[in-house]
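Below you'll find the structure, written out as structure tokens, and then a few comments.
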Amino acid sequence: MKPLDGFRVLDLTRFLSGPYCTMVLAELGADVIKVEPPSTGDDSRRLAPKVNGESYPFAMPNRSKRSVALNLKDDAGLDAFLRMVDQADLVIENFRPGVVDRLGISYEDLRKRRPDLLYCSISGFGQSGPYRDRPGFDIMAQGAGGFLRMTGHPDGRPAKIGIAINDIAAGATALYSILAAEMVRRTTGRGEYIDVSLLEAGLAWTVWESGAYFGSGEIPAATGTRHRRSTPYQAYATSDGFVTIGANNDRLWTRLVRDVLDRPEWLDDERFHSLPARMEHIDELQEEIEALTTTRTTAEWIEALDKGGIPGGPVLTYDQALSDPHVQARGMVAELDHPIIGPMRTIAPPTKFRNLDFSIGGPAPWLGQHTRTVLAEAGFTAEEIDSLCASGAAHDEHPDLQGDPNV
């Protein structure tokens, strides 16, 4: 049994923020039904690389779900969706504000059918405010939230964080908000509307930065790999790469200079004897440390840091990270079979529960793979489903694969 068994989600989201949220819901047990337009499906289905015509990137955040292809601009397709709402606990969408009103599937429209419905909207800038109607992807949220100005190296061009951080932040924010609303709903029977924006979800994660700004007016700037409040805490060059060192308190600093770097005289050096002094002379400290670290390999320094009890590690490329023996031992790369792509790998759920089941439920669906099944569950007869598919109001991209024992 999984925690969200019996919880049904109609997922109208595309790209990453919403699909990430609903992927986690699905792997906690929810029945997530991805509702996609028949002609194109989720926009991320276009992303390369593709294997046998199916997008590998799309398959990452859309695993463990079912797909129904419906044309919500068609009266018959809209009616089919509304009948599916009668069996749903949550509707989640990430259209631009106003789109769901025009389609007739807003929270106000749907709560008339299901007063206890949970409804979550994810957008670039939220459902209110002067930027409400502005389209927004992750890069716009990173720019508007100050992230592009605090990432990268000093005096460099604005730099994007290496992953779609605001998309994932919005997905995670939607996730815990939905779970909180569901806890209330199970007690009171009350529905809820949830408004999440990429911009605000990212800003909520600026914990240290907001403390420095509100406390002293400090505006966070790009610092490369350096910490803004402590040092040494960054990546240092070695003879064959880089090593991270985190000796960010006096106890660790003492261990580092005595037991690892063999520079005990730095304990009395007025430039480095206290954290404020080290922060004031951070450039000199980097030069002094790298004069040592560049004489040995990354692996040698990690061994020395581990022996000295100092947090440290390699600076890996992504392929090296995924093949790292620790990542492999923790089971973070999972394998599964996709009905079209075939054998594939994905990133496994990160939490290791002792008793709860949190696991991948299956591969991402092809477009409309479960259209007939879900419509039948909503009470449509086989003849009605045939009519919907014939008219284009509903769709199955690969009806020839239905019934294949390998699917």
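Residue numbering restarts at 1 for every chain of the structure tokens, chains are lettered A, B, ... in their displayed order, and ligands are numbered from 1 as they appear.
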Report as an MDAnalysis selection string: the residues of range 272-312 of chain A with a DSSP assignment of alpha helix (DSSP H), based on the backbone of this structure. chainID A and resid 275:280 282:293 298:308
Leaving out Arg330 in chain A and any residue of its chain fewer than 6 positions from it, which residues lie within 10 Å of it when counting only C-alpha atoms, given as a PyMOL selection string? chain A and resi 348+350+352
I'd like the contact shell of Trp366 in chain A - 12 Å cut-off, only C-alpha atoms, skipping same-chain residues fewer than 6 positions apart - returned as an MDAnalysis selection string. chainID A and resid 34:36 38 40:42 45 52:56 58:59 62:69 338:341 395:399 401:402 407
CA of Gly309 in chain A sits from CA of Thr254 in chain A at a separation of 11.2 Å
Output as a list in words all residues of range 121-281 of chain A that backbone DSSP marks as strand (DSSP E). Ser121, Ile122, Ser123, Glu192, Tyr193, Ile194, Asp195, Val196, Ser197, Tyr233, Gln234, Ala235, Tyr236, Ala237, Phe242, Val243, Thr244, Ile245 and Gly246 of chain A
Do a neighbour search on Gly143 in chain A at 12 Å with only C-alpha atoms, toss out local chain neighbours closer than 2 positions, and write the hits as a ChimeraX atom specification. /A:124,136-141,145-151,158-161,165-166,198-199,202-203
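Distances here use only C-alpha atoms; by that measure, the residue among A:Leu322, A:Leu110, A:Leu4, A:Val99 closest to Ala26 in chain A is A:Leu4.
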Selection: 12 Å around range 380-386 of chain A, only C-alpha atoms, excl. self and same-chain fewer than 4 positions, as a list in words: Val68, Ala69, Leu70, Ala76, Gly77, Asp79, Ala80, Phe81, Arg83, Met84, His370, Thr371, Arg372, Thr373, Val374, Leu375, Ala376, Ala390, Ser391, Gly392, Ala393, Ala394, His395, Asp396 and Pro399 of chain A
With only C-alpha atoms as the basis for distance, which of A:Gln369, A:Ser323, A:Ser123, A:Thr231 is at the shortest distance from His281 in chain A?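 Under the stated criterion, the closest residue is A:Thr231.
The neighbours of Pro19 in chain A here are the residues that come within 10 Å of it, using only C-alpha atoms and leaving out any residue fewer than 2 positions away in the same chain; they are Asp11, Leu12, Thr13, Arg14, Phe15, Leu16, Ser17, Cys21, Thr22, Met23, Val24, Leu25, Lys34, Asp42, Phe58, Met60, Pro61, Asn62, Arg63, Lys65, Ile92, Glu93, Asn94, Asp167, Ile168 and Gly171 of chain A.
Residue nearest Val9 in chain A, chosen from A:Asn71, A:Ser387, A:Ser230, A:Gln87 and counting only C-alpha atoms: A:Gln87.
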